[in-house]
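Reproduced below: final-v6.csv, with CSV, C-alpha atoms.
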```csv
chain,number,residue,atom,x,y,z
A,1,LEU,CA,0.0,0.0,0.0
A,2,ALA,CA,1.2,3.5,-0.8
A,3,LYS,CA,2.3,5.5,2.2
A,4,THR,CA,0.3,8.7,2.9
A,5,THR,CA,1.1,11.9,4.7
A,6,GLN,CA,-1.5,14.3,6.0
A,7,PRO,CA,-1.5,17.1,8.6
A,8,ILE,CA,-2.1,16.0,12.1
A,9,SER,CA,-4.7,18.7,12.9
A,10,MET,CA,-6.6,21.6,11.4
A,11,ASP,CA,-8.8,24.2,12.9
A,12,SER,CA,-11.6,26.0,11.2
A,13,TYR,CA,-14.8,28.0,11.9
A,14,GLU,CA,-18.4,27.3,11.0
A,15,GLY,CA,-19.3,28.2,7.5
A,16,GLN,CA,-15.7,28.0,6.2
A,17,GLU,CA,-14.4,25.6,3.6
A,18,VAL,CA,-11.9,23.1,4.9
A,19,ASN,CA,-9.3,21.6,2.6
A,20,ILE,CA,-7.1,18.6,3.8
A,21,THR,CA,-4.2,17.6,1.5
A,22,CYS,CA,-2.8,14.1,1.5
A,23,SER,CA,0.5,13.3,0.0
A,24,HIS,CA,1.1,9.9,-1.6
A,25,ASN,CA,4.2,10.2,-3.7
A,26,ASN,CA,4.5,6.5,-4.5
A,27,ILE,CA,0.9,5.9,-5.6
A,28,ALA,CA,0.7,3.0,-8.0
A,29,THR,CA,-1.2,3.0,-11.3
A,30,ASN,CA,-4.0,0.9,-10.0
A,31,ASP,CA,-4.4,2.7,-6.7
A,32,TYR,CA,-7.5,4.6,-5.7
A,33,ILE,CA,-7.7,7.3,-3.1
A,34,THR,CA,-10.3,7.0,-0.4
A,35,TRP,CA,-11.2,9.2,2.6
A,36,TYR,CA,-12.9,8.1,5.8
A,37,GLN,CA,-14.4,10.2,8.6
A,38,GLN,CA,-14.5,9.2,12.2
A,39,PHE,CA,-16.5,11.0,14.9
A,40,PRO,CA,-15.6,10.5,18.6
A,41,SER,CA,-16.6,7.2,20.0
A,42,GLN,CA,-17.7,5.8,16.6
A,43,GLY,CA,-16.1,3.7,13.9
A,44,PRO,CA,-14.9,5.4,10.7
A,45,ARG,CA,-17.2,5.8,7.8
A,46,PHE,CA,-16.5,6.1,4.1
A,47,ILE,CA,-16.8,9.6,2.7
A,48,ILE,CA,-15.5,9.6,-0.9
A,49,GLN,CA,-13.2,7.8,-3.3
A,50,GLY,CA,-11.6,8.8,-6.5
A,51,TYR,CA,-8.9,7.9,-9.1
A,52,LYS,CA,-8.2,11.1,-11.0
A,53,THR,CA,-9.5,14.7,-11.5
A,54,LYS,CA,-12.5,15.6,-9.3
A,55,VAL,CA,-15.2,13.6,-7.5
A,56,THR,CA,-18.1,15.2,-5.7
A,57,ASN,CA,-20.8,13.9,-3.5
A,58,GLU,CA,-23.3,15.3,-1.0
A,59,VAL,CA,-20.6,15.3,1.7
A,60,ALA,CA,-17.4,16.4,0.1
A,61,SER,CA,-15.3,16.9,-3.0
A,62,LEU,CA,-12.0,15.2,-3.8
A,63,PHE,CA,-9.5,16.9,-6.1
A,64,ILE,CA,-6.7,14.8,-7.6
A,65,PRO,CA,-4.1,16.5,-9.8
A,66,ALA,CA,-2.8,14.8,-13.0
A,67,ASP,CA,0.3,13.3,-11.4
A,68,ARG,CA,-1.9,11.9,-8.6
A,69,LYS,CA,0.9,12.3,-6.0
A,70,SER,CA,-1.4,14.2,-3.7
A,71,SER,CA,-5.1,14.7,-3.2
A,72,THR,CA,-7.3,17.3,-1.4
A,73,LEU,CA,-10.5,16.6,0.4
A,74,SER,CA,-12.7,19.6,0.5
A,75,LEU,CA,-15.5,20.1,3.0
A,76,PRO,CA,-17.7,23.0,2.1
A,77,ARG,CA,-19.2,25.3,4.7
A,78,VAL,CA,-18.4,23.2,7.7
A,79,SER,CA,-20.5,23.0,10.8
A,80,LEU,CA,-19.6,22.0,14.4
A,81,SER,CA,-20.8,18.5,13.5
A,82,ASP,CA,-18.0,18.1,11.0
A,83,THR,CA,-15.5,18.0,13.9
A,84,ALA,CA,-13.9,14.6,13.4
A,85,VAL,CA,-10.8,12.7,12.3
A,86,TYR,CA,-10.3,12.4,8.5
A,87,TYR,CA,-8.2,9.5,7.1
A,88,CYS,CA,-6.7,9.3,3.7
A,89,LEU,CA,-6.0,5.9,2.3
A,90,VAL,CA,-4.4,4.8,-1.0
A,91,GLY,CA,-4.6,1.3,-2.4
A,92,ASP,CA,-5.8,-0.9,-5.2
A,93,ARG,CA,-9.4,-1.9,-5.2
A,94,GLY,CA,-8.1,-5.4,-4.7
A,95,ASP,CA,-6.4,-4.4,-1.5
A,96,TYR,CA,-8.5,-5.4,1.5
A,97,LYS,CA,-5.8,-4.6,4.0
A,98,LEU,CA,-6.1,-0.9,4.6
A,99,SER,CA,-3.7,1.2,6.6
A,100,PHE,CA,-5.5,4.1,8.3
A,101,GLY,CA,-2.6,6.0,9.9
A,102,ALA,CA,-3.3,8.7,12.5
A,103,GLY,CA,-5.5,10.9,10.3
A,104,THR,CA,-6.2,14.6,10.4
A,105,THR,CA,-8.1,15.9,13.4
A,106,VAL,CA,-10.4,18.7,12.2
A,107,THR,CA,-11.9,21.0,14.8
A,108,VAL,CA,-14.6,23.3,13.8
A,109,ARG,CA,-15.3,26.2,16.2
A,110,ALA,CA,-18.3,28.5,16.4
B,1,ASP,CA,-26.2,1.8,8.7
B,2,ALA,CA,-24.6,-1.6,7.9
B,3,GLY,CA,-25.8,-4.4,10.2
B,4,ILE,CA,-22.7,-4.8,12.4
B,5,THR,CA,-22.8,-5.5,16.1
B,6,GLN,CA,-20.0,-6.0,18.5
B,7,SER,CA,-20.2,-7.6,21.9
B,8,PRO,CA,-19.4,-6.8,24.6
B,9,ARG,CA,-19.3,-3.0,24.1
B,10,HIS,CA,-17.3,-2.5,27.3
B,11,LYS,CA,-15.2,-5.0,29.2
B,12,VAL,CA,-12.7,-4.8,32.1
B,13,THR,CA,-10.6,-7.8,32.6
B,14,GLU,CA,-7.5,-8.8,34.5
B,15,THR,CA,-4.0,-9.4,33.1
B,16,GLY,CA,-3.5,-13.0,32.1
B,17,THR,CA,-7.1,-13.9,31.5
B,18,PRO,CA,-8.4,-14.9,28.0
B,19,VAL,CA,-10.9,-12.5,26.4
B,20,THR,CA,-13.1,-13.1,23.3
B,21,LEU,CA,-14.7,-10.3,21.4
B,22,ARG,CA,-17.5,-11.0,18.9
B,23,CYS,CA,-18.4,-9.3,15.7
B,24,HIS,CA,-21.7,-10.2,14.1
B,25,GLN,CA,-22.9,-9.0,10.7
B,26,THR,CA,-26.2,-9.3,8.9
B,27,GLU,CA,-25.0,-8.1,5.5
B,28,ASN,CA,-23.5,-11.4,4.2
B,29,HIS,CA,-20.3,-9.6,3.4
B,30,ARG,CA,-17.3,-11.8,2.6
B,31,TYR,CA,-14.6,-9.8,4.2
B,32,MET,CA,-14.3,-9.0,7.9
B,33,TYR,CA,-11.6,-7.2,9.9
B,34,TRP,CA,-10.5,-6.5,13.4
B,35,TYR,CA,-8.7,-3.2,14.2
B,36,ARG,CA,-7.5,-1.7,17.4
B,37,GLN,CA,-7.4,2.1,17.9
B,38,ASP,CA,-5.0,3.8,20.4
B,39,PRO,CA,-4.3,7.5,20.8
B,40,GLY,CA,-1.8,8.7,18.3
B,41,HIS,CA,-1.8,5.5,16.2
B,42,GLY,CA,-5.0,5.6,14.2
B,43,LEU,CA,-6.5,2.3,13.4
B,44,ARG,CA,-4.2,-0.7,13.1
B,45,LEU,CA,-5.3,-4.0,11.5
B,46,ILE,CA,-5.0,-7.0,13.8
B,47,HIS,CA,-6.5,-9.8,11.7
B,48,TYR,CA,-8.8,-10.1,8.8
B,49,SER,CA,-10.9,-12.8,7.1
B,50,TYR,CA,-11.6,-13.3,3.4
B,51,GLY,CA,-14.1,-16.1,3.9
B,52,VAL,CA,-15.3,-18.7,6.3
B,53,LYS,CA,-12.3,-20.3,7.9
B,54,ASP,CA,-9.9,-18.1,5.8
B,55,THR,CA,-8.0,-15.6,8.0
B,56,ASP,CA,-4.7,-13.8,7.9
B,57,LYS,CA,-2.6,-11.6,10.0
B,58,GLY,CA,-2.5,-7.8,10.0
B,59,GLU,CA,0.2,-5.5,11.2
B,60,VAL,CA,-0.3,-6.0,15.0
B,61,SER,CA,-1.4,-9.7,15.3
B,62,ASP,CA,0.9,-10.8,18.2
B,63,GLY,CA,-1.1,-11.9,21.2
B,64,TYR,CA,-4.4,-12.2,19.2
B,65,SER,CA,-6.1,-15.0,17.4
B,66,VAL,CA,-9.3,-15.1,15.3
B,67,SER,CA,-11.8,-17.6,14.1
B,68,ARG,CA,-14.6,-17.5,11.6
B,69,SER,CA,-16.8,-20.6,11.5
B,70,LYS,CA,-19.7,-18.9,9.7
B,71,THR,CA,-20.1,-15.9,7.4
B,72,GLU,CA,-21.8,-13.7,10.0
B,73,ASP,CA,-19.4,-14.1,13.0
B,74,PHE,CA,-15.8,-13.1,13.4
B,75,LEU,CA,-14.3,-13.7,16.8
B,76,LEU,CA,-11.2,-12.0,18.2
B,77,THR,CA,-9.4,-13.7,21.2
B,78,LEU,CA,-6.8,-12.3,23.4
B,79,GLU,CA,-5.1,-15.5,24.5
B,80,SER,CA,-3.7,-13.9,27.7
B,81,ALA,CA,-4.6,-10.3,28.1
B,82,THR,CA,-1.9,-7.7,28.9
B,83,SER,CA,-2.2,-4.1,29.8
B,84,SER,CA,-0.8,-3.1,26.4
B,85,GLN,CA,-4.0,-4.6,24.9
B,86,THR,CA,-6.1,-2.0,26.6
B,87,SER,CA,-7.7,-0.3,23.6
B,88,VAL,CA,-10.8,0.3,21.5
B,89,TYR,CA,-11.4,-2.6,19.1
B,90,PHE,CA,-13.4,-2.1,15.9
B,91,CYS,CA,-14.8,-4.7,13.6
B,92,ALA,CA,-15.4,-3.9,10.0
B,93,ILE,CA,-16.9,-5.6,7.0
B,94,SER,CA,-16.6,-5.2,3.2
B,95,GLU,CA,-17.9,-6.7,0.0
B,96,SER,CA,-15.7,-8.2,-2.6
B,97,PRO,CA,-12.9,-5.7,-3.3
B,98,THR,CA,-13.5,-6.3,-7.0
B,99,GLY,CA,-16.7,-4.4,-6.7
B,100,SER,CA,-17.1,-0.7,-7.2
B,101,SER,CA,-15.2,0.1,-4.1
B,102,TYR,CA,-13.6,-1.6,-1.1
B,103,GLU,CA,-15.6,0.6,1.3
B,104,GLN,CA,-15.5,-0.8,4.8
B,105,TYR,CA,-18.4,-0.5,7.2
B,106,PHE,CA,-17.4,-0.3,10.9
B,107,GLY,CA,-19.1,-1.6,14.0
B,108,PRO,CA,-19.6,0.6,17.1
B,109,GLY,CA,-16.4,-0.6,18.8
B,110,THR,CA,-15.6,-2.4,22.0
B,111,ARG,CA,-13.7,-0.6,24.8
B,112,LEU,CA,-11.4,-3.1,26.5
B,113,THR,CA,-9.5,-2.3,29.7
B,114,VAL,CA,-6.9,-4.8,31.0
B,115,THR,CA,-6.0,-4.1,34.7
```

Rendering of file as structure tokens:
Amino acid sequence: LAKTTQPISMDSYEGQEVNITCSHNNIATNDYITWYQQFPSQGPRFIIQGYKTKVTNEVASLFIPADRKSSTLSLPRVSLSDTAVYYCLVGDRGDYKLSFGAGTTVTVRA
Amino acid sequence: DAGITQSPRHKVTETGTPVTLRCHQTENHRYMYWYRQDPGHGLRLIHYSYGVKDTDKGEVSDGYSVSRSKTEDFLLTLESATSSQTSVYFCAISESPTGSSYEQYFGPGTRLTVT
């Protein structure tokens, strides 16, 4: 599995856009980029997955540049309830052994 | 939410005793996983299963064993609990990784304290 690097923590305020960048310099051709969100005292939950360019769903957007060596998760207009840990994972869809790492703790303040 | 339950949800046990945690799913997913989560370490994979009676080790498997005798149940056993195994344990399930994504669905977690 490709190694990923993401910031340990980020602070934001309600209504702002939060962008979390994940570096994955040794991403392989068949690898996909997946983000999970974990609220306190809960298990992680899938947010979004992409291979290249941009993916958007009702929760977030994922921007992937052409070289795919990094990706950015964008959370629009965050609220207090978006306070959570966000994990970036990179791997082939055939990989069922995922490495979550420490993630990025996002704290949204009023 | 995916039908995943873990039992017990909380347990306190003494060093040296065996402990078994249970994960039960109603989704008929093929893959099941056990993770532990400790402050500063994120989630680390202990063991996983890719079918009934098919299991393999993850990155932190020492001191743990697993069994899967039927699709819906995946058991994690701490053979002789130690204080270093105090943690929150999460079970997860996923469909075939050859599908549209290898999205994992997580259970509510079990908080284990070894005294």

For the contact check between chain A and chain B, emit one row per residue of chain A within 12 Å, containing the shortest atom pair and the distance in Å rounded to one decimal, counting only C-alpha atoms, chain then rising number order, as a tab-separated table.
```
residue	atom	partner	partner_atom	distance
A:Ile8	CA	B:Gly40	CA	9.6
A:Ser9	CA	B:Gly40	CA	11.7
A:Asp31	CA	B:Ser101	CA	11.4
A:Tyr32	CA	B:Ser101	CA	9.1
A:Ile33	CA	B:Ser101	CA	10.4
A:Thr34	CA	B:Glu103	CA	8.5
A:Trp35	CA	B:Glu103	CA	9.7
A:Tyr36	CA	B:Glu103	CA	9.2
A:Gln37	CA	B:Phe106	CA	11.2
A:Gln38	CA	B:Phe106	CA	10.0
A:Phe39	CA	B:Pro108	CA	11.1
A:Pro40	CA	B:Pro108	CA	10.8
A:Ser41	CA	B:Pro108	CA	7.8
A:Gln42	CA	B:Pro108	CA	5.6
A:Gly43	CA	B:Phe106	CA	5.2
A:Pro44	CA	B:Phe106	CA	6.2
A:Arg45	CA	B:Tyr105	CA	6.4
A:Phe46	CA	B:Glu103	CA	6.2
A:Ile47	CA	B:Glu103	CA	9.2
A:Ile48	CA	B:Glu103	CA	9.3
A:Gln49	CA	B:Ser101	CA	8.0
A:Gly50	CA	B:Ser101	CA	9.7
A:Tyr51	CA	B:Ser101	CA	11.2
A:Val85	CA	B:Gly42	CA	9.4
A:Tyr86	CA	B:Gly42	CA	10.3
A:Tyr87	CA	B:Gly42	CA	8.7
A:Cys88	CA	B:Gly42	CA	11.3
A:Leu89	CA	B:Glu103	CA	11.0
A:Val90	CA	B:Tyr102	CA	11.2
A:Gly91	CA	B:Tyr102	CA	9.5
A:Asp92	CA	B:Pro97	CA	8.8
A:Arg93	CA	B:Pro97	CA	5.5
A:Gly94	CA	B:Pro97	CA	5.0
A:Asp95	CA	B:Pro97	CA	6.9
A:Tyr96	CA	B:Pro97	CA	6.5
A:Lys97	CA	B:Leu45	CA	7.5
A:Leu98	CA	B:Leu45	CA	7.6
A:Ser99	CA	B:Arg44	CA	6.8
A:Phe100	CA	B:Leu43	CA	5.5
A:Gly101	CA	B:Gly42	CA	4.9
A:Ala102	CA	B:Gly42	CA	3.9
A:Gly103	CA	B:Gly42	CA	6.6
A:Thr104	CA	B:Gly42	CA	9.8
A:Thr105	CA	B:Gly40	CA	10.7
```

- request: Pick out the residues sitting within 10 Å of Ser67 of chain B, and hand them over as a list of chain:residue names; count all atoms listed in the file, and ignore anything fewer than 3 positions along from it in its own chain.
  value: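 Listed by chain and then number, they are B:Arg22, B:His47, B:Tyr48, B:Ser49, B:Val52, B:Lys53, B:Asp54, B:Thr55, B:Lys70, B:Asp73, B:Phe74, B:Leu75, B:Leu76, B:Thr77.
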
query: Rounded to one decimal in Å, what is the spacing between atom CA of Val55 of chain A and atom CA of Pro76 of chain A?
result: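 Value for the atom CA of Val55 of chain A-atom CA of Pro76 of chain A distance: 13.7 Å.
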
Neighbouring residues of Leu62 of chain A were defined as those with any atom within 7 Å, considering all atoms listed in the file; residues of the same chain fewer than 2 positions away were excluded. Please report them as a short mmCIF file (atom, residue, chain, number, x, y, z; two decimals) with C-alpha atoms, keeping the file's coordinate frame.
```cif
data_model
loop_
_atom_site.label_atom_id
_atom_site.label_comp_id
_atom_site.auth_asym_id
_atom_site.auth_seq_id
_atom_site.Cartn_x
_atom_site.Cartn_y
_atom_site.Cartn_z
CA GLY A 50 -11.60 8.80 -6.50
CA LYS A 54 -12.50 15.60 -9.30
CA VAL A 55 -15.20 13.60 -7.50
CA THR A 56 -18.10 15.20 -5.70
CA ALA A 60 -17.40 16.40 0.10
CA ILE A 64 -6.70 14.80 -7.60
CA SER A 71 -5.10 14.70 -3.20
CA THR A 72 -7.30 17.30 -1.40
CA LEU A 73 -10.50 16.60 0.40
CA SER A 74 -12.70 19.60 0.50
#
```

field: Spatial neighbours of Thr71 of chain B, 8 Å, all atoms listed in the file, chain gap at least 5 places, as a list in words
entry: Asn28, His29, Arg30, Gly51 and Val52 of chain B

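Atom CA of Cys23 of chain B to atom CA of Gln6 of chain B spans 4.6 Å [interatomic distance, one decimal].
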
- prompt: Please, what distance in Å, to one decimal, runs between atom CA of Gly15 of chain A and atom CA of Ala84 of chain A?
  reply: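 We find that atom CA of Gly15 of chain A and atom CA of Ala84 of chain A lie 15.8 Å from each other.
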
field: Polymer residues at most 10 Å from Thr20 of chain B, only C-alpha atoms, same-chain spacing of 6 or more positions, as JSON, numbers by chain
entry: {"B": [7, 8, 64, 65, 66, 75, 76, 77, 78, 79]}

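Restricting the calculation to all atoms listed in the file, the smallest distance between Pro7 of chain A and any of A:Ala66, A:Ala110, A:Leu75, A:Ile20 is found for A:Ile20.
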
field: Near-Asn26 of chain A list (12 Å; only C-alpha atoms; drop same-chain fewer than 6 positions) as a list in words
entry: Leu1, Ala2, Lys3, Thr4, Thr5, Asp67, Arg68, Lys69, Ser70, Val90 and Gly91 of chain A
